Structure formats: C-alpha cells, structure tokens
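Undergrad: Have a look at this one.
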Number of protein chains: 4
Amino acid sequence: KAPEGRSSGVLERLNAGEVVIGDGGFVFALEKRGYVKAGPWTPEVTVTHPEAVRQLHREFLRAGANVMQAYTFYASDDKLENRSQTLKITVTQINEAACDLAKQVAGEGDALAAAGVCQTPSYLSCKSETDVKAVFKRQLDVFVKKNVDFLIAEYFEHVEEAVWAVEVLKTSGKPVAASMCIGPEGDLHGVPAGECAVRLVKAGAQIVGVNCHFDPMTCVKAVKLMKEGVEKSGLKAHYMVQPLAYHVPDSTYLGYTELPEFPFALEPRIVTRWDVHKYTREAYKAGIRFIGGCCGFEPYHIRAVAEELAAERGIMPAGSEKHGMWGAGLEMHTKPWVRARCRREYWENLLPASGRPKCASLSTPESWGVTKGHADLLQHKEATTTQEMKHALEMQKKHL
Amino acid sequence: KAPEGRSSGVLERLNAGEVVIGDGGFVFALEKRGYVKAGPWTPEVTVTHPEAVRQLHREFLRAGANVMQAYTFYASDDKLENRSQTLKITVTQINEAACDLAKQVAGEGDALAAAGVCQTPSYLSCKSETDVKAVFKRQLDVFVKKNVDFLIAEYFEHVEEAVWAVEVLKTSGKPVAASMCIGPEGDLHGVPAGECAVRLVKAGAQIVGVNCHFDPMTCVKAVKLMKEGVEKSGLKAHYMVQPLAYHVPDSTYLGYTELPEFPFALEPRIVTRWDVHKYTREAYKAGIRFIGGCCGFEPYHIRAVAEELAAERGIMPAGSEKHGMWGAGLEMHTKPWVRARCRREYWENLLPASGRPKCASLSTPESWGVTKGHADLLQHKEATTTQEMKHALEMQKKHL
Amino acid sequence: KAPEGRSSGVLERLNAGEVVIGDGGFVFALEKRGYVKAGPWTPEVTVTHPEAVRQLHREFLRAGANVMQAYTFYASDDKLENRSQTLKITVTQINEAACDLAKQVAGEGDALAAAGVCQTPSYLSCKSETDVKAVFKRQLDVFVKKNVDFLIAEYFEHVEEAVWAVEVLKTSGKPVAASMCIGPEGDLHGVPAGECAVRLVKAGAQIVGVNCHFDPMTCVKAVKLMKEGVEKSGLKAHYMVQPLAYHVPDSTYLGYTELPEFPFALEPRIVTRWDVHKYTREAYKAGIRFIGGCCGFEPYHIRAVAEELAAERGIMPAGSEKHGMWGAGLEMHTKPWVRARCRREYWENLLPASGRPKCASLSTPESWGVTKGHADLLQHKEATTTQEMKHALEMQKKHL
Amino acid sequence: KAPEGRSSGVLERLNAGEVVIGDGGFVFALEKRGYVKAGPWTPEVTVTHPEAVRQLHREFLRAGANVMQAYTFYASDDKLENRSQTLKITVTQINEAACDLAKQVAGEGDALAAAGVCQTPSYLSCKSETDVKAVFKRQLDVFVKKNVDFLIAEYFEHVEEAVWAVEVLKTSGKPVAASMCIGPEGDLHGVPAGECAVRLVKAGAQIVGVNCHFDPMTCVKAVKLMKEGVEKSGLKAHYMVQPLAYHVPDSTYLGYTELPEFPFALEPRIVTRWDVHKYTREAYKAGIRFIGGCCGFEPYHIRAVAEELAAERGIMPAGSEKHGMWGAGLEMHTKPWVRARCRREYWENLLPASGRPKCASLSTPESWGVTKGHADLLQHKEATTTQEMKHALEMQKKHL
C-alpha cells in the first residue's frame, strides 16, 4: 500500500501483475470542445482554460483511468509564439499548469500523474544528439520540479530519438515508459518493432510499447512484436499500448496522418465501445498491462477498457454507475425494441453500418515517401512559406 | 439593446432577421463523458456533478450557441426513483439546478436561457389531456420560478400532445417554441408535417420546427414542409431545426431509434464539421433562422454552424480562435501533405471512408409498427418485467 | 392443347392462369459476347452471325423461357447506315432474320415467338403522330409477314408514344403486350404509372407492364401501381415485368442510363440468382404472370425465375438438369466448406460483399433534367457533331 | 510463318517476343449458360451440346484469344459416373470431343489448340506418385492422339503434384506450360512462389505462372515472384497469368473458394473491362507474355486484354469491330450524357458503386485450415455421405 493513502507507483502495480489503465486523447478531444487548434495543436489551454482540462482529466478518472498524463508542450518558446501567434504564455507556464492539473485530479482518485516528451522538430531537422537532448532536458526540469509520478517518452517515429529521450528521462530516477508511434512494420528508418523495443529497454525504459498512428488491433500487433523481441533478447520489460480510436486499415507506415480524412473527417472511423472491448481483451491476452488510448479515445472508450477487465481487476470504474455493462441500462428504455438490445450477444455481433452510401470503405493514403532529413520535413519556427505551400499543393494534386 | 447589458429576447432577434444558434445534445455527450446512463437517460447530473454540465454549456457558448437549454427532466418523482434506483434527488431539485446552470452560463455570453418539456410516458399510455397537461404544468412552475428567457416544447411524435404542451407553456406569457421529432412523413398519427406546424402555430407557438430522430438534411426537409403549410394557411411563424448529428438515411418514421446501431454503435454515422456546413447553408436558404443540433451534436458541430454563417452574421464564435475556417489552421501542421489540406475545396469535396470494409452502408431498421396506444408502448414506473423482456427479445429475433 | 403440337398462344396461357416466362437481355449479353456495339446498339448480328443469336435463344429456352423475342431493329435504313457505318445490310434483312431465328428456336421447345417495336428517335425529335406510326407500321409489316405469335410494344418512356405503337400493332389482329421503361414515378411527362396502364389497355393492349431502366423490385412496384390503376378503372388486363438485372437504387426517373457506371462499369450491380428468386416471388405474389428480364439478364437468371416457380408450374426447365435447386449441386464439391453451402437457407440469407473497398455503395446520377422535345435530345441520322460533343462534355463536368 | 497457313507454335511466338492471349473461363461461363453443373463441374457438354462449347470458343477467338484450350475432364470414368449420375458418356469421349472443338475453332483464326491436366483427387487423397502420374498419362494419351499444339498443367495447389504432371506431359515432346493456383504466399505446403517456379522449370516446363483462385493484380504479383525466383536461379522461362475475373482482396491462401459468396454470389466482385485494362498493362510491364483469364473471364474481358495491347501488338481483335476503344462507341448513343462518356479518362478514373448499400465491401473467408492429407479433403467416387455433410455443416456454423 502506498504511503499517505496514495496508491503505489506504476512499476509496483505492474510488478504486482495489476493492470494500469491509461487515459485517452487530449488533443483531439479538446479540439472538438473548442480549446485546441488543429494544425499547431499547442496546449496553452492549460493556462487559459484550466477548468476545461481539469474536467477532461476528471472524466477519464471517472472512466477508470489510473494515469493522468499532464497535457504538456514539447517545444521552444519561439515555436510556441509562432504557432499560437499573439500568445504571451511561456512553455514553462503551460507545462507547470499541466502538471498541476494532472496531479490535482490524480489525487482525487486511484491514479498517478505522468508527464511526457515526444519527438522533436529538432530531430526531424537533423539537429545533433546534444541539441535534441537539450530540448528533452528543458521539459524534464519542469516535470522533476512538479514531482510527477513517472515519465513517458511517447510518439516517436524513430527509435534513435526515442532512445535519446529515454536516456535524458532516466537521469531523473523516476520510472520511464517509452512508446513509439509505429506499427508492425517498425520505425521509419526500417528498424523492426522488436529491435526498437530491445534498444529502448537497454536504454533504461521499464515499460515499452506503442501509441497513436494506428488502430487498436494493429497497435496490439506491434506491441506483440516488441514483446517477442525483448523476450528473445533475454531482457525484461512491461508493455503498454495506447492506440487511436479510429479504424485505419488503409493507413500505411505513417499511420492516419496519411489518410485523406486526417484530421477533420475521421468521424466514420471512430471505434465503438464494443470495438474497445475486443481491443482490450486482445491486449490483455497478449500480456500487455498498461492499456489506454490516444487520439480519438473519449472517456466512454476508456470506461470500456475498465469494464472489459472488471472481472480480472475486481473493480468497476466510478463512471460505470452510469453505464450498464454490455448495454444493460437499455432494460429501462421506453421503446421495447431498444430494451431488447440490453445484452452482450447483441452488441458483440453487430456490424454497424456507416450510414454513408456514397462513401467507400477505404481511402488511398498519400504516400509521399518522405521521412527524417527530407527537405519537405524541415521544421522551422516561421509559418509555412508561400513557396512551401505551393509545393505541398502540387504534391497533393499528384497523389490524389 | 436588452436591459442590464443582456441581449434581446429570442423573438426580438428573430423578428430582426437575426440567426439564433441553438446548442447541441446533452444526453449523448454526457453519456460519453460518463454522467448520464443510457436507458433511463435521467439528468440527475445537474445536481450530482454540476461542473460537468456547466462545462458543456460553456463549450457550446464558446462554439457560438445563443441558447443555453436547461438540462431538465420531464417526469414524476416515482419514475425518477425507479429509473435512477437509489437516488434521493427530486425532479424539482434537478430542474432547478438545470435552470440555474443554463442561466449562469448564458449570462457569461451572448445567450438566452431556455427550458423545455417533451413527450410524456403519460401520453403514450393513453392518459387524459388533463393528466398530460398536469405533467407539463409541474415542470413549467419551476421554469417560471427560475425565470428562464423562453420555453421549448420539443421531441414530440404526436402533434396532439405537442399542442397540449404549447397550450400549457403559453400560460406563462413567455415566448414558446415547438419542435417535433418527425421527418417529412409527418407525425406518428399520420398528420402531415405542414398540418402539424399549422396546429402548433394556432395553439400559440411563435417558433416551430423539428429536432432529433433524423439527420440534418432530412430535418431541414421536414421544416420546409412545415413552413409551406404555415404560409399556405396565411399564418406567420419563425422556424427552428435541431437535427441529429448522425447520417440515418435508412431510418424510417420512428427515426434513429429503429436502427440496429441505436444507441451504442452509431459512431460511423457521426457527421463531420463539413457536413454541418452543408446542413447550415441548406437550413439558412430554407428560411430557417433558429439553427442548432440535437443528439450527437458536439461543440465543434455547433462551431461549424456559426462559422458557416460568419459572413451573414458578421461575427465569429469565441471558439474559432482555436479553429481556422475550412481547415486553415493546418497551414501550421508539421507534415507537408497535411498542410496542403488547409483549404475549403479540399474538405468540401472529400467523401470520407468508413474504415470498416466488413460493415455495410445501410442497416435494416426494426419496424415493429407500434405507436401510441399499443400495448408494447405502455409505460410504467416499475422496471421492465421478465415477461415484457421475453416478448421484446422474441420480437427482435423476428425482425433481425 | 395447341394445334400441330405447338403450345397455345400467350393469351390462352395467361387466361388459363399459367405463368409465361420471358427471356433475358440480348443487347447487353451479345455486347459482352462480341457481336453488338455499345453506343449504336444495332442488331445486324442476326444477319452476320446468326449462330450467335440462335445460341443465345437456345440458352434462354433451356433456362425455361416461354418467349423467344426476335432481336429486331427499330429504325430506318439511313439511321442504320450511319450507326453501323460501312454496313450494307437493310433493316428488313435484319428483322426478317431476327424473326426466323426466334421462330426456329421457339419451335424447338415450349415457346412462342414474339416481335416488338420500341420508342423512336422520331418521337423524341417531335415528329407527328403520323410519322411515328409509319415507323411502327414498317416494322409490323415484317412481323406479320413472318407470322410471329404475338407482338410487344416495349421500352417506352412516354405513354403517348406507347399508345400510338399499340394502335398500330393492334391492326394486325395479333395479341399485343405493352411495356414501358418507367418506374413507380410514372412516365417522363409525369403521367402516373396507373394512368399509363389504363391508357394502354384502352388502346387495346391485352398485357401491360414495364421493362428495363430499373431494378427488379422497383419494376414490380411499378407494375403493381399499373395493376391498381387498371382495376380501379374497372378494366381487365394481364401484367408483365422484365426488369434490369442490376441493382440501381440510386437511379432516378431516367433509370440506369443516368448512373455514372452506365453502360461499361455496371458489373458490381449485377443481381445474383438468389436476388432473382426474391424478385420472381414478389412478382408472382403481385399477380404478375408474364415474368422475364431485360438488360443484364443472362440465361442463369431466367433459370432462377423458372426454378422459383417450379412448384406452382409443375415443371422444371431443361437447364436445371445442370443446376441443383438452391445450390444442391454443391453436395458434390471437393471442398467440404463449399459442400456445406448446398442449402436454401445459406444462399437466401447471404449478403454478398462487393470486394471493392475503395468503391461506394451508391452513385450520384447525372440528372440533366431533359426529356422529349429538349434540344439535347434531338436525334439525327448523322454522327454526333463536334459542337454537340463539346456541349455534352461541359454538361458532364457540371454534373460530376 | 507456320506451315499450312497455320501460325507458329506457342514457343516460337513467345521466343519472338510476341504476346500470346489466353482464353477465359469455360466452367463458370457455361454454368451460367446452362450446360455445366456447379458442384461436380464435369464437362460432358462437349458431347451433349458441342454447339454451345464451339460458340464460346468462337467468342474468345473473336475477342482476340490465341489459345483455344480444350474443355477436357481430368478424372476416371467411375468418378464421372458418380458426379454426372445417369450419364453414359466416357471420359475419353468427352476429352476427344473437347480436343476436336478446340482444334476446329483454333483453325478458324490465329490460334493454337491446347489441352491440359490439373490437380487430381488422387493426390489430395495421398495416392502414390505412380498412381497420380497414371491419371495424367491417361489424359495425355488423348491429347497426343488428337495432336493438340501444346499442353498445360494448370490449377495445382501443391508444386509437388505439378512437377509430376510436367514430367508426364514432357514425355510427349510437346511444349509444356505449368500454372499453379497459388498467390504470392506460395503453395499449400508453404513452398514460396519463386521456388515453385524453379522446380517447374527444372522439371521441363517452358512456360510457368498462375491461374484461378486470386484476382488479377494478386496473380500478377505471384508471377512476378516466380520470375524473380527463376532469374535468381539462372534459369530461363516464359511466364503466364490467367486470373479470376473477380475482386477477392479478402481471400486468403485458398483463394476465392473460401469466400462465403463462392460460387453463387460472386456477381458484385466481377471485374469491369477497365479493370482488365489495368491488369493487362501490369502483367505486360512485369514481363509476362502469356496473358489470359480463368473463372469469370467472359469474352469481353479477353477483348480488353487484346485492346490494351493493341499498340504493342499492332493488331486489334475481330470483336473490336463491335467495340470502340475506351468507350468510343458511345459517341453514337442517344442520350447526350452517355455520349460524354466516350473517352478513356472517364472510364479509367471511375470507381463503380456496388448498388448494394446493405452489403459490405469485404467478407470473412472460411479458413478451415485443411490441406492435402486432411481427412476432410479425402475424395471418393461416391456422393457425400450424410455423416460428412453433417460434419461440414457443423464446421460451417463454427466459422460463420
């Protein structure tokens, strides 16, 4: 039992064989709620509207999440200035506010506060290891000062950069989880998923896995490969998975960002709570014990993770007070044909229609075939130039 | 200009030719956030977690909504007790809290507080006009006490009951809007949409229209028929539309409740913000000036209503500070192919894929063909009996 | 029993309550076999490759068809010359050969030879009743000379022209069937389906119905309306239906010609034999007794008509010797999982996948909104002019 | 130039760099025309209705096919007796008639007559090499007697058996083509496609490739792997491809027989002529020079092969006299919007709709996971027993 009524840490839980339920995606959820701008995606909302962030944390907590991940920002103040234009808020202010909010809500329930770093524009622009590590260090300083419970290096397309991040985070002495945004094909330099995991574990990550970019079942497949790699190397680790809440069978190695629907027309791909049940079971059977979600995961998706594992964990989330398992609440519906849907078999076997007879099932991803180092990916603090935009529009035309 | 710095009332606005933007759907949004139970659907959250309701109001306000509709409950305390089981909260407590929350947030911006009644189990169970009107009166008493700005009689399947509701609400002297959950086929007794509207206007409703049950374009079509009916009768009215945020081309006269996916697998049918742009334009062109949403409408959908009419209204919602029109914010995205999507033509013409190759486009609705008066629809305070459930399951088997 | 070993005539059969099974579509089948050119669609194959036409007749006979419809041509020699360019064959030669082939194969089994006229370019170009009737008369002269068993006026979009055709055909004293290519919406001048049927019966048609343009279920619906109209008028008639073998739920009043896929990409819409079983049952239940097919109907589709009605008719077609009812022949398949499909329930409930995840379910029909008299529809003997083609391409661009 | 006015042989053509166009699928085409029974699939029609077989040969010849493949039967008389029940026709009669028909029509144009053997029930039932080779030898004797131009060992799931077939056919001294019904995954024993090809070439096949089971693009992919394997081994060969005319992206290693739609509901998967253009180009670019089709390929599909390669080959098929390239014939259509479709760009970019909004894009294949040697695949001369059928139905239930 943890001191002062707090639960034990993430590693104690995982070592004890417990499941740790992650939270869902803040960026997409808060974009839909009106607080984050798609494109720059910066999280100044932690300062400007803390109540909106706190509310979302609370919903995930209520849904059963054991991790409140601080909604922090990764980059330098000059980038932030450019991205958010008229803003007078510093990166430090954003990240401190984010940690405070995560810790506050974590303290309201059985949850841990985590904070994280992710891939940097510096790396994509071929800056040196020293430069990239300095970016991570600046962020880490805030997390250490705010004393979050553990650290996550997530959303890395290249294992090289992810290793650098782990190496920096390890200096804090806190537990480190490392999660890449790759699928079963491996990282963007062609390093197989299993090998990525081995390198991360060797760098000191105690938990490894994937997040974002691919749909739930694909992410589980990728983590399975990671686990095989780690075990074959005689190493030990815990495993995590935090996928998209979108069906993206047509995405290729760059994931959902390549789909024509990204980011404003992904609605038909949103997974149902029943899809989440299947994903959770699959992840659990694969031996993954840190199970959450990324972009698109709303509180009710996380609740489905907790409900699927209610028997194994012996607890139900607070939010299930407002949710009958497998639709049981429908027994009280006014329409008798809806009442008849109050059972597991009904929802488990239903294949939902799209309601969109003029839309296809799959899209053709845009495969520009560019990765780290390519001129098209050079990041700069300034807004996109007219020249760059012209080039992008030409490339788009070519791929449509 | 309204007294005390408040905006003018709903009728003043509509009479002046202004657009009044409604809010979105509380029931479905709060179910996903973990505060409302699908099945009973009761809104005790206004008392137990007011911060969650307030936050959703604020998001709709930020998105541009001019109406904060109190999240009230329609029925008697005994029903509430049964539906929410262990609850010790009264209907009056719920409704008072709901009005307070709506008024508070309305006061934070350019919005009006409304409160509403909707169709009653009493009517479906063939109670008398006196009995049904008494149900409405009990609710009205709270709305009058809390002094909301105007009243809405909404979600009626039978115009007869809607007229009774309008007659009760009119006694308050406040403006009354009347909205039915019907499609172009008319009400469940076969009264054509145009005739429904005429009866409601004659009963005293100053605003008439439809909400819920059908998708945006279908609802606009129904309101057009209402407008034709009213104008042909030489009457005058304002028009409102608050549709589902789901594509349900396969629903029949009972709307989305008949679809096999209702209510837990509607995800692939969720409309995009671009669908909302089209709907808004269509509604505006049809002369409808009270434009909002019902189940499924999230804040970003309401923001799309406000953005589509930004030129006509001369204002942008606060939330657009975090949303470039037609994807303009993507100009700042890190991936160049996503930057190329920062333009209207791209999103306007995109047909989004479902990502679900094993799911069809349309479902077969369950058409039990029952309506008011049918034994299967008798409502009672007790939970569904075993006998009723057995019957429902048999009927379901027959229709699948 | 008919004299000389021949069966009795079409009216004797229908009056006796028998089902008369029509044949399928020659134009599309022979286009796929390489003998008819899509675009001009002229049937000179009756002269150039009679064995190909004879073979197709025989396949339909074998499949159970009781009607061998002569594969005749409707227009003048100058039109034929233009359409078939270098051809030295006259309309009379084509039509005589067509009648000979139909009669020959009809004589090989339990079938009648029919010949028909259909809508004329003259009518679309607003020629006079006298002119249009003269076109029909020239064709009739051949049919009378060749002494076919009965006559069909088919594929009319306007009932006015269909009545003229019936009036001409009636002068022969032979039984006359009249079939329009309309759906439940009625003819292109807005005459309701029921009224169309009344006019045709009054003009002397003993059998009325629809063919082509719409899918099987839609055509049955149109004939039902015809039957209702005729019965309400106190008249009497027999009913026929010969639909497309394509699913075209998205076609509007001009039928499948408006679909973007017409005529070279209709494959995914082809009905299965099981679809034909359902259609046949529906037509039979509606009291329709002349049941066949039009474009897309291949011999196996007609065999399905005959098999569905095997019990009612007491006979199986010769072709069923090579077809187990409801897949019974699969009992001999080498793969055990295919053997398990040898039963009605399996095929009746199967919803076949399209195998096309990048294609939608429905198309957007091109609705140019032009009909008889519109300049775009003026027909002339010459090839399309450059000016006309330019106009057509511009219109297409506008509709895509 | 070949002696006696005949064209040169298949190897002379391929060695000269010419394209040899294969024919389409007889089994499926003749099933639809009413002459072959799905399940037993036996070709006694060559004796009972030779005119039907001759007509189909002629249609393929007209479409541009350079190979008339005799429609022969593979098995023993006792099997034939069981499968065709009351039949008094011997295998020898069927195969002699088949060779005569192929030779006759080949002589009418620029085509060669081929005859073939395919995988045997004996092999699936684990008979010895000697036994299996004896089956091939009995068939070869007829082909040699009838002096066809070359031989094809086709539709083999296991390369071991295919090699045995090639070894037998080689004894005739005639050119031998070897074609397996495998996809890019290799044969059912797990031998990679490239290795299969190497073994076949070493056994003496001058032409290697694949046919049936998979869709056109998948088959091309498999042949590419074969070519790579052969070239890597320093061997030489010509390559052939004769795929299904169905889109089967969801089939797994046993191909379309595993799809729930096989064989009676494959319609929505039928490829268009434009799909065939793309396939032909892809095959040609891959260096494949014997290009034809298998099940589902109708004459118009083969015509599309010939038309796509018209420029390279300098000739158009006879059937193109009735087909404008890329829809050019539509310039003569009566409807102006159809005239506007007379161009390559239109058809090349069209994604055809399925017209089936209640059907999905993909199916779930039945993967029983059985192959050669498994009890479920034991073949016997008798009809399926009740016990076997019961087992099959149980397995089906388990997989649905």
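We name chains A, B, ... following the order of the structure tokens; residues begin at 1 in each chain, and ligands are numbered from 1 as shown.
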Kindly assemble as CSV a list of the chain D residues that lie within 6 Å of chain B, each paired with its nearest atom pair and their distance in Å to one decimal, using only C-alpha atoms, sorted first by chain and then by ascending residue number.

TA:
```
residue,atom,partner,partner_atom,distance
D:Pro357,CA,B:Ser361,CA,4.9
D:Lys358,CA,B:Leu362,CA,5.1
D:Cys359,CA,B:Ala360,CA,4.9
D:Ala360,CA,B:Ala360,CA,4.1
D:Ser361,CA,B:Pro357,CA,5.0
D:Leu362,CA,B:Lys358,CA,5.1
```

Undergrad: Save out the residues we just selected, N, CA and C atoms, as a PDB file, in the first residue's frame.

TA:
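Just written: out.pdb:
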```pdb
ATOM      1  N   PRO D 357     -26.314  -1.094 -50.864  1.00  0.00           N
ATOM      2  CA  PRO D 357     -25.999  -0.421 -49.596  1.00  0.00           C
ATOM      3  C   PRO D 357     -26.106  -1.305 -48.352  1.00  0.00           C
ATOM      4  N   LYS D 358     -26.710  -2.463 -48.459  1.00  0.00           N
ATOM      5  CA  LYS D 358     -26.775  -3.326 -47.267  1.00  0.00           C
ATOM      6  C   LYS D 358     -25.716  -4.419 -47.281  1.00  0.00           C
ATOM      7  N   CYS D 359     -24.839  -4.365 -48.286  1.00  0.00           N
ATOM      8  CA  CYS D 359     -23.755  -5.350 -48.332  1.00  0.00           C
ATOM      9  C   CYS D 359     -22.431  -4.651 -48.024  1.00  0.00           C
ATOM     10  N   ALA D 360     -21.527  -5.397 -47.438  1.00  0.00           N
ATOM     11  CA  ALA D 360     -20.219  -4.859 -47.074  1.00  0.00           C
ATOM     12  C   ALA D 360     -19.258  -4.930 -48.254  1.00  0.00           C
ATOM     13  N   SER D 361     -18.071  -4.415 -48.057  1.00  0.00           N
ATOM     14  CA  SER D 361     -17.040  -4.478 -49.089  1.00  0.00           C
ATOM     15  C   SER D 361     -16.268  -5.789 -49.052  1.00  0.00           C
ATOM     16  N   LEU D 362     -16.024  -6.261 -47.853  1.00  0.00           N
ATOM     17  CA  LEU D 362     -15.244  -7.497 -47.720  1.00  0.00           C
ATOM     18  C   LEU D 362     -16.025  -8.542 -46.930  1.00  0.00           C
TER      19      LEU D 362
END
```

Undergrad: With a distance cut-off of 12 Å and only C-alpha atoms, select the neighbouring residues of D:Glu345, excluding the residue or stretch itself and same-chain residues fewer than 2 positions from it, and output the selection as JSON, numbers by chain.

TA: {"C": [393], "D": [274, 325, 326, 327, 328, 340, 341, 342, 343, 347, 348, 349, 350]}

Undergrad: For C:Glu51, which residue out of C:Ala97, C:Ala65, C:Val19, C:Ala310 is the nearest one, using only C-alpha atoms?

TA: C:Ala97

Undergrad: Run DSSP on the backbone and tell me which residues of stretch 136-303 of chain D come out as alpha helix (DSSP H); list them as number ranges by chain.

TA: D: 136-146, 159-170, 193-203, 216-232, 273-285, 299-303
